[in-house]
file final_3.txt (compact mmCIF, C-alpha atoms)
# COMPACT_ATOMS: atom_id res chain seq x y z
CA MET N 1 0.00 0.00 0.00
CA ALA N 2 1.27 3.45 -0.90
CA THR N 3 2.41 5.71 1.92
CA LEU N 4 0.69 8.97 2.77
CA LEU N 5 3.65 11.00 1.47
CA THR N 6 3.59 9.17 -1.88
CA LEU N 7 -0.14 9.68 -2.25
CA LYS N 8 0.17 13.36 -1.39
CA ARG N 9 2.86 13.79 -4.06
CA ARG N 10 0.75 11.99 -6.67
CA ILE N 11 -2.25 14.19 -5.84
CA LYS N 12 -0.12 17.30 -6.22
CA THR N 13 1.28 16.09 -9.54
CA ALA N 14 -2.18 15.30 -10.92
CA SER N 15 -3.41 18.68 -9.73
CA ASN N 16 -0.59 20.46 -11.56
CA VAL N 17 -1.38 18.48 -14.71
CA SER N 18 -5.06 19.41 -14.52
CA LYS N 19 -4.15 23.10 -14.17
CA THR N 20 -1.86 22.91 -17.21
CA THR N 21 -4.39 21.11 -19.40
CA LYS N 22 -7.15 23.48 -18.28
CA ALA N 23 -5.01 26.46 -19.31
CA MET N 24 -4.26 24.87 -22.69
CA GLN N 25 -7.97 24.18 -23.16
CA MET N 26 -8.85 27.81 -22.52
CA ILE N 27 -6.13 29.07 -24.88
CA ALA N 28 -7.34 26.75 -27.65
CA ALA N 29 -10.93 27.84 -27.05
CA SER N 30 -9.98 31.50 -27.34
CA LYS N 31 -8.17 30.85 -30.64
CA LEU N 32 -10.91 28.59 -31.96
CA LYS N 33 -13.61 31.25 -32.18
CA LYS N 34 -11.56 33.50 -34.45
CA ALA N 35 -10.27 30.55 -36.48
CA GLN N 36 -13.76 29.11 -36.93
CA GLU N 37 -15.14 32.45 -38.12
CA ALA N 38 -12.28 32.87 -40.60
CA ALA N 39 -12.61 29.33 -41.99
CA GLU N 40 -16.39 29.41 -42.35
CA SER N 41 -16.60 32.96 -43.73
CA SER N 42 -14.12 32.29 -46.54
CA LYS N 43 -15.73 29.02 -47.73
CA PRO N 44 -18.59 30.67 -49.70
CA TYR N 45 -16.07 32.93 -51.43
CA VAL N 46 -13.86 29.98 -52.44
CA GLU N 47 -16.88 28.01 -53.65
CA LYS N 48 -18.11 30.95 -55.73
CA LEU N 49 -14.61 31.48 -57.11
CA ASP N 50 -14.50 27.81 -58.06
CA PHE N 51 -17.85 28.08 -59.84
CA LEU N 52 -16.77 31.24 -61.65
CA SER N 53 -13.53 29.62 -62.79
CA LYS N 54 -15.41 26.62 -64.15
CA ALA N 55 -17.96 28.92 -65.80
CA ILE N 56 -15.25 30.81 -67.66
CA GLU N 57 -13.57 27.59 -68.67
CA GLN N 58 -16.71 26.57 -70.54
CA LYS N 59 -16.34 29.57 -72.85
CA ILE N 60 -12.70 29.23 -73.83
CA ASP N 61 -11.19 27.41 -76.74
CA LYS N 62 -10.58 23.78 -75.72
CA ASP N 63 -7.61 23.63 -78.09
CA ASN N 64 -5.93 26.54 -76.33
CA LEU N 65 -6.26 25.72 -72.65
CA ASN N 66 -4.60 27.63 -69.85
CA PRO N 67 -1.40 25.94 -68.55
CA TYR N 68 -3.13 25.34 -65.19
CA MET N 69 -5.74 23.26 -67.03
CA THR N 70 -3.42 21.26 -69.24
CA ALA N 71 -3.09 17.58 -68.31
CA LYS N 72 0.39 16.09 -68.35
CA ASN N 73 -0.26 12.39 -68.87
CA ASP N 74 3.33 11.63 -69.87
CA ILE N 75 4.65 12.76 -66.46
CA LYS N 76 4.17 10.39 -63.52
CA THR N 77 5.60 12.50 -60.69
CA LYS N 78 3.26 14.37 -58.32
CA LEU N 79 3.68 17.29 -55.95
CA PHE N 80 2.09 16.95 -52.49
CA ILE N 81 1.44 19.89 -50.18
CA VAL N 82 1.10 18.50 -46.64
CA ILE N 83 -0.32 20.83 -43.98
CA SER N 84 -0.07 19.91 -40.29
CA PRO N 85 0.32 21.60 -36.88
CA ASP N 86 3.71 22.51 -35.48
CA LYS N 87 2.78 21.05 -32.08
CA GLY N 88 1.05 17.97 -30.78
CA LEU N 89 -1.44 17.51 -27.95
CA CYS N 90 -4.36 17.83 -30.34
CA GLY N 91 -6.02 14.45 -30.02
CA GLY N 92 -6.02 12.11 -33.01
CA MET N 93 -5.69 14.88 -35.60
CA VAL N 94 -2.03 14.26 -36.39
CA THR N 95 -2.46 10.47 -36.33
CA ASN N 96 -5.37 10.61 -38.78
CA LEU N 97 -3.39 12.94 -41.01
CA ILE N 98 -0.45 10.54 -40.97
CA ARG N 99 -2.72 7.69 -42.06
CA GLU N 100 -4.02 9.78 -44.95
CA ILE N 101 -0.47 10.63 -46.02
CA LEU N 102 0.58 6.98 -45.93
CA ARG N 103 -2.53 5.98 -47.88
CA LEU N 104 -1.96 8.48 -50.70
CA THR N 105 1.82 8.53 -50.93
CA ASN N 106 2.71 4.99 -51.82
CA ASN N 107 6.04 4.07 -53.35
CA GLU N 108 5.54 6.36 -56.33
CA LYS N 109 8.02 9.15 -57.00
CA ALA N 110 6.80 12.49 -55.68
CA TYR N 111 7.93 15.85 -54.38
CA TYR N 112 6.70 17.32 -51.11
CA ILE N 113 6.06 20.75 -49.69
CA THR N 114 5.51 20.49 -45.95
CA VAL N 115 3.81 23.11 -43.81
CA GLY N 116 4.16 22.34 -40.10
CA LYS N 117 6.82 20.49 -38.12
CA LYS N 118 4.72 17.35 -37.69
CA ALA N 119 4.41 16.92 -41.45
CA GLU N 120 8.09 17.67 -41.99
CA LYS N 121 9.19 15.01 -39.50
CA LEU N 122 6.88 12.40 -40.98
CA VAL N 123 7.82 13.00 -44.61
CA ALA N 124 11.51 13.09 -43.70
CA SER N 125 11.18 9.78 -41.81
CA LEU N 126 9.70 8.21 -44.96
CA ASN N 127 12.76 9.30 -46.97
CA LYS N 128 10.67 11.41 -49.31
CA GLU N 129 12.06 14.35 -51.26
CA ILE N 130 11.10 17.62 -49.57
CA VAL N 131 11.55 20.60 -51.89
CA ALA N 132 10.46 23.18 -49.30
CA SER N 133 9.38 23.26 -45.67
CA PHE N 134 7.51 26.03 -43.86
CA PRO N 135 6.43 26.44 -40.21
CA PHE N 136 2.69 26.50 -39.64
CA GLY N 137 2.77 28.81 -36.64
CA THR N 138 0.57 29.14 -33.60
CA THR N 139 -1.60 32.04 -34.77
CA LEU N 140 -4.12 32.49 -37.57
CA PRO N 141 -2.13 32.17 -40.83
CA PRO N 142 -1.88 35.42 -42.83
CA PHE N 143 -2.71 35.35 -46.53
CA LYS N 144 0.88 36.15 -47.51
CA THR N 145 1.98 32.66 -46.43
CA VAL N 146 0.57 31.17 -49.65
CA PHE N 147 2.78 33.18 -52.02
CA PRO N 148 6.01 31.16 -51.56
CA ILE N 149 4.01 27.95 -52.02
CA THR N 150 2.32 29.11 -55.23
CA LYS N 151 5.71 30.17 -56.58
CA ILE N 152 7.05 26.64 -56.07
CA ILE N 153 3.87 25.19 -57.59
CA ASP N 154 4.37 27.30 -60.71
CA GLU N 155 7.99 26.19 -60.92
CA TYR N 156 7.15 22.49 -60.75
CA PHE N 157 3.79 22.30 -62.53
CA LEU N 158 4.29 24.89 -65.24
CA GLY N 159 7.88 23.69 -65.58
CA ASN N 160 6.57 20.20 -66.45
CA LYS N 161 8.25 18.54 -63.48
CA VAL N 162 5.01 17.12 -62.05
CA SER N 163 1.68 16.04 -63.50
CA GLN N 164 -0.52 16.82 -60.49
CA VAL N 165 -0.53 19.01 -57.40
CA LEU N 166 -2.41 17.71 -54.37
CA ILE N 167 -3.11 19.11 -50.89
CA ILE N 168 -3.28 16.85 -47.85
CA SER N 169 -4.69 18.61 -44.81
CA THR N 170 -7.46 18.44 -42.22
CA LYS N 171 -10.97 19.60 -43.11
CA PHE N 172 -12.89 21.51 -40.45
CA ASN N 173 -16.50 20.31 -40.34
CA SER N 174 -17.43 21.46 -36.83
CA VAL N 175 -15.95 21.82 -33.37
CA PHE N 176 -16.45 18.09 -32.80
CA SER N 177 -15.65 16.85 -36.31
CA GLN N 178 -12.38 17.19 -38.20
CA GLU N 179 -11.24 14.74 -40.85
CA PRO N 180 -8.16 14.29 -43.06
CA PHE N 181 -8.78 15.62 -46.54
CA SER N 182 -6.99 15.39 -49.88
CA ASN N 183 -7.72 17.58 -52.88
CA THR N 184 -6.23 17.72 -56.38
CA ILE N 185 -5.83 21.41 -57.18
CA LEU N 186 -3.88 21.12 -60.45
CA PRO N 187 -4.62 20.57 -63.22
CA VAL N 188 -7.95 22.37 -62.94
CA LYS N 189 -10.59 20.04 -64.38
CA LEU N 190 -13.43 21.21 -66.56
CA GLU N 191 -16.95 20.64 -65.26
CA GLU N 192 -19.31 19.35 -67.92
CA ASN N 193 -22.59 20.10 -66.13
CA LEU N 194 -22.22 23.88 -66.19
CA GLY N 195 -22.82 24.41 -69.89
CA GLN N 196 -26.59 24.97 -69.81
CA ASN N 197 -26.58 27.20 -66.72
CA ASN N 198 -23.70 29.22 -68.10
CA SER N 199 -24.89 29.71 -71.68
CA LYS N 200 -26.22 33.25 -71.05
CA THR N 201 -23.44 34.46 -68.76
CA LEU N 202 -21.48 37.43 -70.04
CA PHE N 203 -17.92 38.28 -69.01
CA GLU N 204 -16.11 41.59 -69.32
CA PRO N 205 -13.39 41.86 -70.46
CA ASP N 206 -12.77 38.84 -72.68
CA VAL N 207 -12.67 35.48 -70.88
CA ASN N 208 -9.20 34.74 -72.23
CA LEU N 209 -7.95 37.85 -70.43
CA LEU N 210 -9.79 37.05 -67.20
CA LEU N 211 -8.86 33.39 -66.88
CA PRO N 212 -5.09 33.55 -66.07
CA ASP N 213 -5.47 35.96 -63.14
CA LEU N 214 -8.65 34.26 -61.98
CA LEU N 215 -7.03 30.81 -61.90
CA GLN N 216 -4.00 32.22 -60.09
CA HIS N 217 -6.24 33.78 -57.45
CA TYR N 218 -8.30 30.59 -57.25
CA LEU N 219 -5.17 28.56 -56.58
CA GLU N 220 -4.10 30.96 -53.82
CA MET N 221 -7.52 30.88 -52.17
CA VAL N 222 -7.78 27.08 -52.23
CA ILE N 223 -4.42 26.81 -50.48
CA TYR N 224 -5.33 29.52 -47.98
CA GLN N 225 -8.67 27.83 -47.22
CA SER N 226 -6.73 24.66 -46.40
CA PHE N 227 -4.57 26.71 -44.01
CA LEU N 228 -7.66 28.11 -42.27
CA ASP N 229 -9.34 24.70 -42.03
CA SER N 230 -6.20 23.11 -40.64
CA PHE N 231 -5.73 25.84 -38.02
CA ALA N 232 -9.37 25.69 -36.92
CA SER N 233 -9.18 21.88 -36.77
CA GLU N 234 -6.04 22.07 -34.65
CA GLN N 235 -7.63 24.40 -32.09
CA ALA N 236 -10.87 22.43 -31.93
CA SER N 237 -9.06 19.11 -31.59
CA ARG N 238 -6.71 20.49 -28.93
CA MET N 239 -9.57 22.03 -26.96
CA ILE N 240 -11.45 18.70 -26.86
CA ALA N 241 -8.28 16.73 -26.08
CA MET N 242 -7.29 19.06 -23.22
CA LYS N 243 -10.81 18.97 -21.79
CA ASN N 244 -10.68 15.17 -21.74
CA ALA N 245 -7.23 15.29 -20.17
CA THR N 246 -8.46 17.72 -17.49
CA ASP N 247 -11.45 15.49 -16.70
CA ASN N 248 -9.19 12.43 -16.46
CA ALA N 249 -6.79 14.25 -14.15
CA LEU N 250 -9.67 15.30 -11.87
CA ASP N 251 -10.92 11.69 -11.77
CA ILE N 252 -7.45 10.51 -10.78
CA ILE N 253 -7.25 13.18 -8.06
CA GLU N 254 -10.59 12.02 -6.65
CA GLU N 255 -9.47 8.39 -6.57
CA LEU N 256 -6.13 9.31 -4.99
CA ARG N 257 -7.82 11.42 -2.33
CA LEU N 258 -10.15 8.54 -1.49
CA GLU N 259 -7.18 6.22 -1.16
CA TYR N 260 -5.32 8.86 0.86
CA ASN N 261 -8.23 9.20 3.31
CA LYS N 262 -8.55 5.43 3.67
CA THR N 263 -4.83 5.07 4.30
CA ARG N 264 -4.84 7.95 6.78
CA GLN N 265 -7.86 6.50 8.63
CA GLU N 266 -6.22 3.11 8.75
CA LYS N 267 -3.05 4.62 10.17
CA ILE N 268 -5.01 6.48 12.86
CA THR N 269 -6.91 3.31 13.78
CA ASN N 270 -3.70 1.33 14.13
CA GLU N 271 -2.19 4.02 16.34
CA LEU N 272 -5.26 4.01 18.57
CA LEU N 273 -5.08 0.25 18.85
CA ASP N 274 -1.39 0.48 19.74
CA ILE N 275 -2.14 3.10 22.42
CA GLY N 276 -5.00 1.01 23.80
CA GLY N 277 -2.87 -2.13 23.89
CA SER N 278 0.00 -0.32 25.60
CA SER N 279 -2.35 1.10 28.28
CA GLN N 280 -3.77 -2.31 29.01
CA VAL N 281 -0.32 -3.84 29.43
CA ALA N 282 0.75 -1.03 31.75
CA TYR N 283 -2.41 -1.46 33.88
CA GLU N 284 -1.81 -5.18 34.28

call {"tool": "encode", "arguments": {"input": "final_3.txt", "output": "structure tokens"}}
result
Amino acid sequence: MATLLTLKRRIKTASNVSKTTKAMQMIAASKLKKAQEAAESSKPYVEKLDFLSKAIEQKIDKDNLNPYMTAKNDIKTKLFIVISPDKGLCGGMVTNLIREILRLTNNEKAYYITVGKKAEKLVASLNKEIVASFPFGTTLPPFKTVFPITKIIDEYFLGNKVSQVLIISTKFNSVFSQEPFSNTILPVKLEENLGQNNSKTLFEPDVNLLLPDLLQHYLEMVIYQSFLDSFASEQASRMIAMKNATDNALDIIEELRLEYNKTRQEKITNELLDIGGSSQVAYE
């Protein structure tokens, strides 16, 4: 049976852990509100931008496609953009992301752009070729973080080094639901079901002048939306994980205190029995 001193130390340790996890829970909750608003408010804009890009694509000459839309079937190499947190302690988010990475990145030759230390460590441990690595940060990502990534994408995709560009990140569904997500962003594929709805749409200036800048902006926004989703998912997952850790620590404290009281009562009882036995011997 554990001694009173050992139990007291274990109670103190569990109490310190509960205070730490409670503080981390509150920090994640404070960041989550802003991150959730940013992720959800930008989704309609990205969806409308996607629709507009597809609508313009229906009006261009199919024999003179934009380089972002040109398939490269003779090239087998892909470029993966992996987005992860810099830190752990966010539940199963990183583990689920790792499973998605392992599922998609088989033994085929590919290049990798990693955003976040967790992704960098994983891809490096798999002996994959990392062309660039960026920290994810602990605050809401600014829009300027996508520019170095798009520059590398242009170098590899427009330079005919890769046939596809894919993003692997975590999709934010709600505070209680985040799931690993993969999305092929290049080449941009034409949608065939927009023709009838788009037949009367007019564009000014000419669509061939609009499309290059529109696709460039679309690419930037898709990447930035993945940043926002990943950051919101990290905060939500960490908040839930730290709440569960705090609850578990409090349960352990309660059990240890019960054991401490039982041990203390047992010690007092034994001392009383010793005193009573000594008095009886002295009386005899």

call {"tool": "residues_around", "arguments": {"input": "final_3.txt", "residues": "Leu256 in chain N", "least_positions_apart": "3", "cutoff": "9 Å", "atoms": "all atoms listed in the file", "output": "PyMOL selection string"}}
result
chain N and resi 7-8+10-11+251-253+259-261

call {"tool": "closest_residue", "arguments": {"input": "final_3.txt", "among": "N:Leu5, N:Ile168, N:Ile268, N:Ala38", "to": "Ser84 in chain N", "atoms": "all atoms listed in the file"}}
result
N:Ile168

call {"tool": "atom_distance", "arguments": {"input": "final_3.txt", "atom1": "CA of Ser41 in chain N", "atom2": "CA of Asp154 in chain N"}}
result
27.6 Å

call {"tool": "residues_around", "arguments": {"input": "final_3.txt", "residues": "Leu158 in chain N", "least_positions_apart": "6", "cutoff": "10 Å", "atoms": "only C-alpha atoms", "output": "list of chain:residue names"}}
result
N:Pro67, N:Tyr68, N:Thr70, N:Ile152

call {"tool": "closest_residue", "arguments": {"input": "final_3.txt", "among": "N:Leu272, N:Val222, N:Met24, N:Ala245", "to": "Tyr45 in chain N", "atoms": "all atoms listed in the file"}}
result
N:Val222

call {"tool": "residues_near_point", "arguments": {"input": "final_3.txt", "point": "(5.0, 12.6, -42.3)", "cutoff": "9 Å", "atoms": "only C-alpha atoms", "output": "VMD selection string"}}
result
chain N and resid 82 97 to 98 101 to 102 114 118 to 126

call {"tool": "write_last_selection", "arguments": {"input": "final_3.txt", "atoms": "C-alpha atoms", "output": "JSON list (two decimals), in the coordinates of the input"}}
result
[["chain", "number", "residue", "atom", "x", "y", "z"],
["N", 82, "VAL", "CA", 1.10, 18.50, -46.64],
["N", 97, "LEU", "CA", -3.39, 12.94, -41.01],
["N", 98, "ILE", "CA", -0.45, 10.54, -40.97],
["N", 101, "ILE", "CA", -0.47, 10.63, -46.02],
["N", 102, "LEU", "CA", 0.58, 6.98, -45.93],
["N", 114, "THR", "CA", 5.51, 20.49, -45.95],
["N", 118, "LYS", "CA", 4.72, 17.35, -37.69],
["N", 119, "ALA", "CA", 4.41, 16.92, -41.45],
["N", 120, "GLU", "CA", 8.09, 17.67, -41.99],
["N", 121, "LYS", "CA", 9.19, 15.01, -39.50],
["N", 122, "LEU", "CA", 6.88, 12.40, -40.98],
["N", 123, "VAL", "CA", 7.82, 13.00, -44.61],
["N", 124, "ALA", "CA", 11.51, 13.09, -43.70],
["N", 125, "SER", "CA", 11.18, 9.78, -41.81],
["N", 126, "LEU", "CA", 9.70, 8.21, -44.96]]

call {"tool": "atom_distance", "arguments": {"input": "final_3.txt", "atom1": "CA of Asp274 in chain N", "atom2": "CA of Leu4 in chain N"}}
result
19.1 Å

call {"tool": "residues_around", "arguments": {"input": "final_3.txt", "residues": "Leu211 in chain N", "least_positions_apart": "6", "cutoff": "10 Å", "atoms": "all atoms listed in the file", "output": "list of chain:residue names"}}
result
N:Leu52, N:Ser53, N:Lys54, N:Ile56, N:Glu57, N:Ile60, N:Leu65, N:Asn66, N:His217

call {"tool": "closest_residue", "arguments": {"input": "final_3.txt", "among": "N:Arg264, N:Lys171, N:Lys87, N:Arg99", "to": "Asn183 in chain N", "atoms": "all atoms listed in the file"}}
result
N:Lys171

call {"tool": "atom_distance", "arguments": {"input": "final_3.txt", "atom1": "CA of Glu179 in chain N", "atom2": "CA of Glu100 in chain N"}}
result
9.7 Å

call {"tool": "residues_around", "arguments": {"input": "final_3.txt", "residues": "range 131-146 of chain N", "least_positions_apart": "5", "cutoff": "6 Å", "atoms": "only C-alpha atoms", "output": "list in words"}}
result
Asp86, Tyr112, Ile113, Thr114, Val115 and Gly116 of chain N

call {"tool": "residues_around", "arguments": {"input": "final_3.txt", "residues": "Gly91 in chain N", "least_positions_apart": "4", "cutoff": "10 Å", "atoms": "all atoms listed in the file", "output": "VMD selection string"}}
result
chain N and resid 95 to 96 234 236 to 242 244 to 245

call {"tool": "closest_residue", "arguments": {"input": "final_3.txt", "among": "N:Pro44, N:Gly92, N:Pro148, N:Pro85", "to": "Gln178 in chain N", "atoms": "all atoms listed in the file"}}
result
N:Gly92
